[in-house]
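The next block is coords30.txt, given as compact mmCIF, C-alpha atoms.
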# COMPACT_ATOMS: atom_id res chain seq x y z
CA MET A 1 -27.06 3.17 -36.51
CA GLY A 2 -25.28 3.47 -33.14
CA ALA A 3 -22.85 5.97 -31.71
CA ASN A 4 -19.14 5.84 -32.42
CA ARG A 5 -17.42 4.24 -29.42
CA LEU A 6 -14.90 6.24 -27.37
CA ASP A 7 -12.90 3.17 -26.42
CA GLY A 8 -10.93 3.78 -23.23
CA LYS A 9 -9.01 0.50 -23.46
CA VAL A 10 -7.59 1.35 -26.89
CA CYS A 11 -6.85 4.93 -25.90
CA ALA A 12 -5.17 3.89 -22.64
CA LYS A 13 -2.75 1.73 -24.62
CA LYS A 14 -1.77 4.83 -26.59
CA VAL A 15 -1.08 6.72 -23.36
CA GLU A 16 1.04 3.86 -22.04
CA SER A 17 2.94 3.57 -25.32
CA ALA A 18 3.81 7.27 -25.17
CA LEU A 19 5.05 6.86 -21.58
CA ASN A 20 7.51 4.09 -22.42
CA SER A 21 10.17 6.37 -23.92
CA ARG A 22 9.88 8.81 -21.01
CA ILE A 23 10.33 5.98 -18.51
CA ARG A 24 13.40 4.79 -20.46
CA THR A 25 14.85 8.31 -20.32
CA LEU A 26 14.41 8.35 -16.55
CA ALA A 27 16.00 4.90 -16.31
CA GLU A 28 19.02 6.10 -18.28
CA ALA A 29 19.39 8.85 -15.69
CA GLY A 30 19.32 6.22 -12.95
CA SER A 31 15.74 6.77 -11.85
CA GLN A 32 12.61 4.61 -11.80
CA PRO A 33 9.22 6.27 -11.22
CA HIS A 34 7.82 5.12 -7.88
CA LEU A 35 4.14 5.20 -6.91
CA ALA A 36 3.03 4.56 -3.31
CA VAL A 37 -0.63 3.66 -2.71
CA VAL A 38 -2.16 3.78 0.77
CA ILE A 39 -5.34 1.75 1.24
CA VAL A 40 -7.26 1.84 4.52
CA GLY A 41 -9.75 -0.94 5.28
CA ASP A 42 -11.24 -3.78 3.28
CA ASP A 43 -13.56 -2.13 0.76
CA PRO A 44 -13.76 -4.71 -2.08
CA ALA A 45 -14.04 -2.16 -4.88
CA SER A 46 -11.01 -0.27 -3.57
CA HIS A 47 -8.91 -3.41 -3.61
CA VAL A 48 -9.99 -4.13 -7.22
CA TYR A 49 -8.99 -0.60 -8.26
CA VAL A 50 -5.64 -0.84 -6.50
CA ARG A 51 -4.84 -4.16 -8.17
CA SER A 52 -5.60 -2.56 -11.56
CA LYS A 53 -3.16 0.22 -10.75
CA GLU A 54 -0.52 -2.28 -9.68
CA ARG A 55 -0.89 -4.19 -12.96
CA ALA A 56 -0.49 -0.96 -14.93
CA CYS A 57 2.70 -0.19 -12.99
CA GLU A 58 4.04 -3.67 -13.78
CA ARG A 59 3.35 -3.24 -17.51
CA LEU A 60 5.21 0.05 -17.63
CA GLY A 61 8.12 -0.66 -15.33
CA ILE A 62 6.93 1.77 -12.65
CA ARG A 63 7.82 0.72 -9.12
CA SER A 64 4.71 0.25 -6.99
CA THR A 65 4.53 0.17 -3.20
CA ARG A 66 1.27 -0.68 -1.46
CA ILE A 67 0.65 0.20 2.19
CA ASP A 68 -2.35 -1.68 3.62
CA LEU A 69 -3.77 -0.25 6.85
CA PRO A 70 -6.60 -1.84 8.87
CA ALA A 71 -10.02 -0.18 8.94
CA ASP A 72 -9.57 0.86 12.57
CA THR A 73 -6.40 2.85 11.79
CA SER A 74 -6.61 6.29 13.36
CA PHE A 75 -6.68 9.50 11.37
CA HIS A 76 -3.37 10.47 13.01
CA GLU A 77 -1.75 7.21 11.86
CA VAL A 78 -2.86 7.81 8.25
CA LEU A 79 -1.38 11.32 8.40
CA GLU A 80 1.86 9.91 9.77
CA THR A 81 1.99 7.41 6.90
CA VAL A 82 1.57 10.25 4.40
CA ASN A 83 4.24 12.30 6.20
CA SER A 84 6.66 9.39 5.96
CA LEU A 85 6.04 9.03 2.22
CA ASN A 86 6.43 12.81 1.75
CA GLN A 87 9.87 12.58 3.34
CA ASP A 88 10.94 9.53 1.33
CA SER A 89 13.04 10.91 -1.54
CA ASP A 90 12.59 7.64 -3.44
CA VAL A 91 8.80 8.08 -3.70
CA ASP A 92 7.56 10.20 -6.61
CA GLY A 93 3.80 9.82 -6.28
CA ILE A 94 1.42 9.27 -3.35
CA LEU A 95 -2.18 8.14 -3.65
CA VAL A 96 -4.54 7.54 -0.74
CA GLN A 97 -7.32 5.31 -2.07
CA SER A 98 -10.92 6.45 -1.59
CA PRO A 99 -13.21 5.80 0.11
CA LEU A 100 -11.67 6.08 3.54
CA PRO A 101 -13.44 4.71 6.63
CA ARG A 102 -16.47 6.67 7.78
CA GLY A 103 -15.62 9.82 9.70
CA MET A 104 -12.07 10.20 8.36
CA ASP A 105 -11.31 13.64 6.90
CA GLU A 106 -10.24 12.93 3.31
CA LEU A 107 -9.63 16.60 2.52
CA ALA A 108 -7.18 16.96 5.40
CA ILE A 109 -5.30 13.89 4.22
CA THR A 110 -5.20 15.16 0.63
CA ASP A 111 -3.91 18.51 1.90
CA ARG A 112 -1.06 16.76 3.69
CA ILE A 113 0.34 15.15 0.51
CA LEU A 114 3.09 17.28 -1.06
CA PRO A 115 1.67 18.95 -4.21
CA GLU A 116 4.57 17.62 -6.30
CA LYS A 117 3.72 14.06 -5.19
CA ASP A 118 -0.07 14.46 -5.50
CA VAL A 119 -0.64 12.15 -8.49
CA ASP A 120 -4.42 12.24 -7.96
CA GLY A 121 -4.30 15.98 -8.71
CA PHE A 122 -6.58 16.86 -5.79
CA HIS A 123 -4.28 19.05 -3.66
CA PRO A 124 -5.45 22.70 -3.48
CA VAL A 125 -2.22 23.80 -5.18
CA ASN A 126 -2.83 21.55 -8.17
CA LEU A 127 -6.53 22.41 -8.41
CA GLY A 128 -5.59 26.08 -8.02
CA ARG A 129 -3.30 25.86 -11.04
CA LEU A 130 -6.19 24.41 -13.01
CA VAL A 131 -8.42 27.33 -11.98
CA GLN A 132 -5.70 29.63 -13.37
CA GLY A 133 -5.87 27.76 -16.68
CA ARG A 134 -2.47 26.12 -16.15
CA LEU A 135 -2.37 22.58 -17.56
CA ASP A 136 1.32 21.90 -16.97
CA GLY A 137 0.99 20.31 -13.54
CA LEU A 138 -0.66 17.20 -12.10
CA LEU A 139 -4.26 17.13 -13.34
CA PRO A 140 -7.10 15.10 -11.78
CA CYS A 141 -6.91 11.73 -13.52
CA THR A 142 -10.51 11.12 -14.59
CA PRO A 143 -11.15 14.56 -16.14
CA ALA A 144 -7.73 14.47 -17.82
CA GLY A 145 -8.58 11.03 -19.20
CA VAL A 146 -11.87 12.30 -20.60
CA MET A 147 -10.09 15.16 -22.36
CA TYR A 148 -7.58 12.73 -23.86
CA LEU A 149 -10.42 10.53 -25.15
CA LEU A 150 -12.13 13.50 -26.80
CA LYS A 151 -8.87 14.74 -28.32
CA ASP A 152 -7.97 11.28 -29.59
CA ALA A 153 -11.32 11.13 -31.40
CA GLU A 154 -10.43 14.51 -33.00
CA LEU A 155 -13.60 16.12 -31.68
CA ASP A 156 -13.62 19.90 -31.89
CA LEU A 157 -15.20 21.24 -28.71
CA THR A 158 -14.94 24.92 -29.64
CA GLY A 159 -18.20 26.64 -28.82
CA LEU A 160 -20.05 23.43 -27.97
CA LYS A 161 -22.63 23.55 -25.20
CA ALA A 162 -21.31 21.13 -22.58
CA VAL A 163 -23.22 19.94 -19.52
CA VAL A 164 -21.33 18.34 -16.64
CA LEU A 165 -23.58 16.37 -14.31
CA GLY A 166 -21.98 16.50 -10.86
CA ARG A 167 -19.87 19.08 -9.05
CA SER A 168 -17.40 16.97 -7.07
CA ARG A 169 -13.80 18.11 -6.63
CA ILE A 170 -12.73 14.73 -8.05
CA VAL A 171 -14.55 14.85 -11.39
CA GLY A 172 -17.29 17.43 -11.91
CA MET A 173 -15.62 20.75 -11.14
CA PRO A 174 -12.18 20.00 -12.66
CA MET A 175 -13.98 18.52 -15.68
CA ALA A 176 -15.85 21.78 -16.18
CA LEU A 177 -12.61 23.78 -15.89
CA LEU A 178 -10.82 21.62 -18.47
CA LEU A 179 -13.70 21.84 -20.94
CA ALA A 180 -13.79 25.63 -20.60
CA ALA A 181 -10.01 26.10 -20.72
CA ARG A 182 -8.28 27.75 -23.66
CA GLY A 183 -7.75 25.18 -26.36
CA ALA A 184 -10.96 23.30 -25.53
CA ASP A 185 -13.20 26.37 -25.45
CA ALA A 186 -16.54 24.71 -24.72
CA THR A 187 -19.34 26.64 -23.04
CA VAL A 188 -19.98 24.75 -19.81
CA THR A 189 -22.96 24.33 -17.51
CA VAL A 190 -22.52 22.41 -14.25
CA VAL A 191 -25.69 20.60 -13.21
CA HIS A 192 -26.14 19.30 -9.65
CA SER A 193 -28.73 18.14 -7.15
CA ARG A 194 -30.16 21.65 -6.67
CA THR A 195 -30.43 22.43 -10.39
CA THR A 196 -33.95 22.83 -11.72
CA ASN A 197 -35.02 21.44 -15.11
CA ILE A 198 -32.02 19.13 -15.41
CA LYS A 199 -33.61 17.35 -18.36
CA ASP A 200 -33.87 20.63 -20.29
CA HIS A 201 -30.21 21.48 -19.68
CA CYS A 202 -29.17 18.07 -20.97
CA ARG A 203 -31.51 18.18 -23.94
CA ASP A 204 -29.86 21.41 -25.09
CA ALA A 205 -26.30 20.06 -24.74
CA ASP A 206 -23.90 19.08 -27.52
CA LEU A 207 -21.76 17.23 -24.96
CA ILE A 208 -22.84 15.58 -21.71
CA VAL A 209 -20.39 14.32 -19.09
CA ALA A 210 -22.30 12.29 -16.51
CA ALA A 211 -20.54 11.85 -13.16
CA VAL A 212 -23.18 11.52 -10.45
CA GLY A 213 -23.08 7.84 -9.49
CA ARG A 214 -26.79 7.28 -10.15
CA PRO A 215 -27.56 4.26 -12.36
CA GLU A 216 -28.98 5.19 -15.76
CA MET A 217 -30.04 8.66 -14.60
CA VAL A 218 -29.64 10.17 -18.07
CA ARG A 219 -32.49 8.86 -20.21
CA SER A 220 -32.89 8.78 -23.97
CA GLU A 221 -35.41 11.61 -23.91
CA TRP A 222 -32.80 13.80 -22.18
CA VAL A 223 -30.37 13.60 -25.08
CA LYS A 224 -30.27 15.65 -28.24
CA PRO A 225 -29.68 13.55 -31.39
CA GLY A 226 -26.00 13.64 -32.31
CA ALA A 227 -24.78 14.66 -28.84
CA ILE A 228 -21.45 13.41 -27.48
CA ILE A 229 -21.90 11.35 -24.30
CA VAL A 230 -19.19 10.65 -21.74
CA ASP A 231 -20.37 8.31 -18.98
CA VAL A 232 -18.06 8.47 -15.96
CA GLY A 233 -20.33 6.41 -13.73
CA ILE A 234 -19.96 2.71 -13.01
CA ASN A 235 -22.71 1.31 -10.83
CA ARG A 236 -23.52 -2.17 -9.56
CA VAL A 237 -27.22 -3.00 -9.93
CA ASP A 238 -28.90 -6.16 -8.62
CA ASP A 239 -30.13 -8.38 -11.47
CA SER A 240 -31.40 -11.87 -10.69
CA SER A 241 -31.48 -12.77 -14.41
CA ILE A 242 -27.66 -12.87 -14.42
CA ASP A 243 -25.79 -15.74 -12.77
CA ARG A 244 -23.59 -13.44 -10.69
CA GLY A 245 -26.70 -11.61 -9.47
CA TYR A 246 -25.75 -8.11 -10.61
CA ARG A 247 -24.83 -6.06 -13.65
CA LEU A 248 -22.63 -3.03 -14.19
CA CYS A 249 -24.08 0.09 -15.73
CA GLY A 250 -23.24 3.74 -16.09
CA ASP A 251 -25.06 6.96 -15.25
CA VAL A 252 -26.49 6.95 -18.79
CA GLU A 253 -28.94 4.33 -20.03
CA GLU A 254 -27.66 2.12 -22.84
CA GLU A 255 -30.45 3.16 -25.22
CA VAL A 256 -28.79 6.57 -25.55
CA GLU A 257 -26.21 4.89 -27.80
CA SER A 258 -28.76 4.86 -30.63
CA ILE A 259 -29.12 8.65 -30.40
CA ALA A 260 -25.62 9.92 -29.63
CA SER A 261 -22.86 10.53 -32.18
CA TYR A 262 -20.10 9.40 -29.79
CA MET A 263 -20.38 7.55 -26.47
CA THR A 264 -18.11 5.88 -23.93
CA PRO A 265 -18.90 2.25 -23.01
CA VAL A 266 -19.35 1.11 -19.41
CA PRO A 267 -17.14 -0.60 -18.47
CA GLY A 268 -14.18 0.02 -20.76
CA GLY A 269 -14.58 3.72 -21.35
CA VAL A 270 -13.43 6.27 -18.78
CA GLY A 271 -12.15 3.71 -16.24
CA PRO A 272 -9.05 2.59 -18.18
CA MET A 273 -8.25 6.22 -18.96
CA THR A 274 -8.29 7.15 -15.28
CA ILE A 275 -5.61 4.56 -14.57
CA ALA A 276 -3.62 5.57 -17.66
CA MET A 277 -3.57 9.20 -16.52
CA LEU A 278 -2.50 8.13 -13.03
CA MET A 279 0.49 6.45 -14.67
CA SER A 280 1.10 9.62 -16.69
CA ASN A 281 0.99 11.76 -13.53
CA THR A 282 3.42 9.40 -11.79
CA VAL A 283 5.91 9.70 -14.64
CA ARG A 284 5.38 13.46 -14.75
CA ALA A 285 6.00 13.71 -11.00
CA ALA A 286 9.24 11.74 -11.39
CA GLU A 287 10.37 13.99 -14.26
CA MET A 288 9.65 17.16 -12.31
CA ARG A 289 11.51 15.90 -9.24
CA LYS A 290 14.45 14.09 -10.83
CA THR A 291 15.17 15.56 -14.25
CA PRO A 292 17.63 18.50 -14.17
Can you present the structure in this file as structure tokens?
Amino acid sequence: MGANRLDGKVCAKKVESALNSRIRTLAEAGSQPHLAVVIVGDDPASHVYVRSKERACERLGIRSTRIDLPADTSFHEVLETVNSLNQDSDVDGILVQSPLPRGMDELAITDRILPEKDVDGFHPVNLGRLVQGRLDGLLPCTPAGVMYLLKDAELDLTGLKAVVLGRSRIVGMPMALLLAARGADATVTVVHSRTTNIKDHCRDADLIVAAVGRPEMVRSEWVKPGAIIVDVGINRVDDSSIDRGYRLCGDVEEEVESIASYMTPVPGGVGPMTIAMLMSNTVRAAEMRKTP
């Protein structure tokens, strides 16, 4: 008997459905949410992600502007692009797609985006609110999407031992803060590359959120029977047995599904929720800026 599936595609549709009435309210006030995406270079995965975001905007009636910059664009030119979007009163949300070309300071670019237009939720002001336990601002999209998935499945996290694999500012650390926040109330351990006995930490966990970008790192023997597994990773692995020459997998091996009580699929789990929460942040940004 396999784990119950935490289906991100189904859940994302619920998020979008709930946004429709809010977008109509903004339209009645003469406003359309407007997301601007800056993409630097020709990274294939980045272009796939941006197209997914554009399609979501089209479905919801959110205006989408895409600014494509060549890979040799200077750091100063990227900052000037962000400054221009900050000053554009018609733009509600700004997203600079990662990864940026090698050597470009992503943190400095994130810092330059106005906090009220930071729909990725990575600006120090927005992360600072999260540290304070404030959930009323623009939250990082992937962790917020994970929390929505868990809530939608009516999973009570109170007192659960949660392990977050990874300590990035994009997923790991904000994920740990959301799980420990009032209302979720899990007991959280953050595991990273310098942690000893990682397997033992995972084996003791009621909930594991894997966000390290290492294919199938979490093995079946690492998982306690009945644990809840959220796999944030999506990795491309060479596989000559498949016509296209590769397969997609998460940070958790598929066999864990026979042990866990709930598990996200890869793909189709956390990915759709990340985009759904980006749409939610864009609408929220428009409401904060344009609703009296």
If we count all atoms listed in the file and set the cut-off at 12 Å, which residues sit around Val146 in chain A, ignoring sequence neighbours fewer than 6 positions away in its own chain? Please answer as a PyMOL selection string.
chain A and resi 6-8+11-12+139-140+152-153+155+164+171-172+174-176+178-179+207-211+228-232+263-264+269-277
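Counting all atoms listed in the file and comparing A:Ser220, A:Asn281, A:Ser64, A:Ser241, the residue that lies closest to Val256 in chain A is A:Ser220.
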Which residue gives the smallest distance to Ser168 in chain A among A:Leu60, A:Met279, A:Val191, A:Met104, with all atoms listed in the file counted?
A:Val191
A straight line from CA of Glu253 in chain A to CA of Ile234 in chain A spans 11.5 Å
In Å, how far is it from CA of Cys249 in chain A to CA of Leu150 in chain A?
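Computing it gives 21.1 Å between the two atoms.
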Distance table requested - range 112-165 of chain A against range 194-206 of chain A, cut-off 7 Å, all atoms listed in the file: one row per qualifying residue with the closest atom pair and its distance in Å to one decimal, ordered by chain and rising residue number, as JSON lines.
{"residue": "A:Leu160", "atom": "CA", "partner": "A:Asp206", "partner_atom": "CA", "distance": 5.8}
{"residue": "A:Lys161", "atom": "CA", "partner": "A:Ala205", "partner_atom": "CA", "distance": 5.1}
{"residue": "A:Ala162", "atom": "CA", "partner": "A:Ala205", "partner_atom": "CA", "distance": 5.5}
{"residue": "A:Val163", "atom": "CA", "partner": "A:Ala205", "partner_atom": "CA", "distance": 6.1}
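Residues lying within 12 Å of Arg129 in chain A, counting all atoms listed in the file and ignoring same-chain neighbours fewer than 4 positions away, are Pro115, Gly121, Phe122, His123, Pro124, Val125, Gly133, Arg134, Leu135, Asp136, Gly137, Leu138, Leu139, Pro140, Pro174, Leu177, Leu178 and Ala181 of chain A.
Interatomic distance, CA of Ala108 in chain A to CA of Arg284 in chain A: 24.0 Å.
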Return range 125-141 of chain A, completed with N, CA and C atoms, as a PDB file, in the coordinates of the input.
ATOM      1  N   VAL A 125      -3.192  23.163  -4.286  1.00  0.00           N
ATOM      2  CA  VAL A 125      -2.220  23.800  -5.180  1.00  0.00           C
ATOM      3  C   VAL A 125      -2.435  23.353  -6.612  1.00  0.00           C
ATOM      4  N   ASN A 126      -2.632  22.058  -6.817  1.00  0.00           N
ATOM      5  CA  ASN A 126      -2.830  21.550  -8.170  1.00  0.00           C
ATOM      6  C   ASN A 126      -4.179  21.965  -8.745  1.00  0.00           C
ATOM      7  N   LEU A 127      -5.231  21.933  -7.930  1.00  0.00           N
ATOM      8  CA  LEU A 127      -6.530  22.410  -8.410  1.00  0.00           C
ATOM      9  C   LEU A 127      -6.492  23.911  -8.653  1.00  0.00           C
ATOM     10  N   GLY A 128      -5.717  24.634  -7.830  1.00  0.00           N
ATOM     11  CA  GLY A 128      -5.590  26.080  -8.020  1.00  0.00           C
ATOM     12  C   GLY A 128      -4.930  26.420  -9.351  1.00  0.00           C
ATOM     13  N   ARG A 129      -3.928  25.645  -9.733  1.00  0.00           N
ATOM     14  CA  ARG A 129      -3.300  25.860 -11.040  1.00  0.00           C
ATOM     15  C   ARG A 129      -4.320  25.678 -12.161  1.00  0.00           C
ATOM     16  N   LEU A 130      -5.171  24.663 -11.994  1.00  0.00           N
ATOM     17  CA  LEU A 130      -6.190  24.410 -13.010  1.00  0.00           C
ATOM     18  C   LEU A 130      -7.172  25.578 -13.108  1.00  0.00           C
ATOM     19  N   VAL A 131      -7.534  26.152 -11.974  1.00  0.00           N
ATOM     20  CA  VAL A 131      -8.420  27.330 -11.980  1.00  0.00           C
ATOM     21  C   VAL A 131      -7.763  28.482 -12.749  1.00  0.00           C
ATOM     22  N   GLN A 132      -6.434  28.590 -12.649  1.00  0.00           N
ATOM     23  CA  GLN A 132      -5.700  29.630 -13.370  1.00  0.00           C
ATOM     24  C   GLN A 132      -5.552  29.322 -14.860  1.00  0.00           C
ATOM     25  N   GLY A 133      -6.010  28.147 -15.278  1.00  0.00           N
ATOM     26  CA  GLY A 133      -5.870  27.760 -16.680  1.00  0.00           C
ATOM     27  C   GLY A 133      -4.544  27.113 -16.999  1.00  0.00           C
ATOM     28  N   ARG A 134      -3.782  26.754 -15.959  1.00  0.00           N
ATOM     29  CA  ARG A 134      -2.470  26.120 -16.150  1.00  0.00           C
ATOM     30  C   ARG A 134      -2.651  24.604 -16.228  1.00  0.00           C
ATOM     31  N   LEU A 135      -2.192  24.008 -17.324  1.00  0.00           N
ATOM     32  CA  LEU A 135      -2.370  22.580 -17.560  1.00  0.00           C
ATOM     33  C   LEU A 135      -1.041  21.832 -17.516  1.00  0.00           C
ATOM     34  N   ASP A 136      -0.020  22.481 -16.941  1.00  0.00           N
ATOM     35  CA  ASP A 136       1.320  21.900 -16.970  1.00  0.00           C
ATOM     36  C   ASP A 136       1.667  21.120 -15.711  1.00  0.00           C
ATOM     37  N   GLY A 137       0.718  21.005 -14.785  1.00  0.00           N
ATOM     38  CA  GLY A 137       0.990  20.310 -13.540  1.00  0.00           C
ATOM     39  C   GLY A 137       0.362  18.935 -13.501  1.00  0.00           C
ATOM     40  N   LEU A 138      -0.030  18.498 -12.302  1.00  0.00           N
ATOM     41  CA  LEU A 138      -0.660  17.200 -12.100  1.00  0.00           C
ATOM     42  C   LEU A 138      -2.170  17.391 -12.089  1.00  0.00           C
ATOM     43  N   LEU A 139      -2.820  16.935 -13.158  1.00  0.00           N
ATOM     44  CA  LEU A 139      -4.260  17.130 -13.340  1.00  0.00           C
ATOM     45  C   LEU A 139      -5.040  15.963 -12.743  1.00  0.00           C
ATOM     46  N   PRO A 140      -6.260  16.204 -12.241  1.00  0.00           N
ATOM     47  CA  PRO A 140      -7.100  15.100 -11.780  1.00  0.00           C
ATOM     48  C   PRO A 140      -7.262  14.045 -12.880  1.00  0.00           C
ATOM     49  N   CYS A 141      -7.092  12.792 -12.514  1.00  0.00           N
ATOM     50  CA  CYS A 141      -6.910  11.730 -13.520  1.00  0.00           C
ATOM     51  C   CYS A 141      -8.148  11.494 -14.392  1.00  0.00           C
TER      52      CYS A 141
END
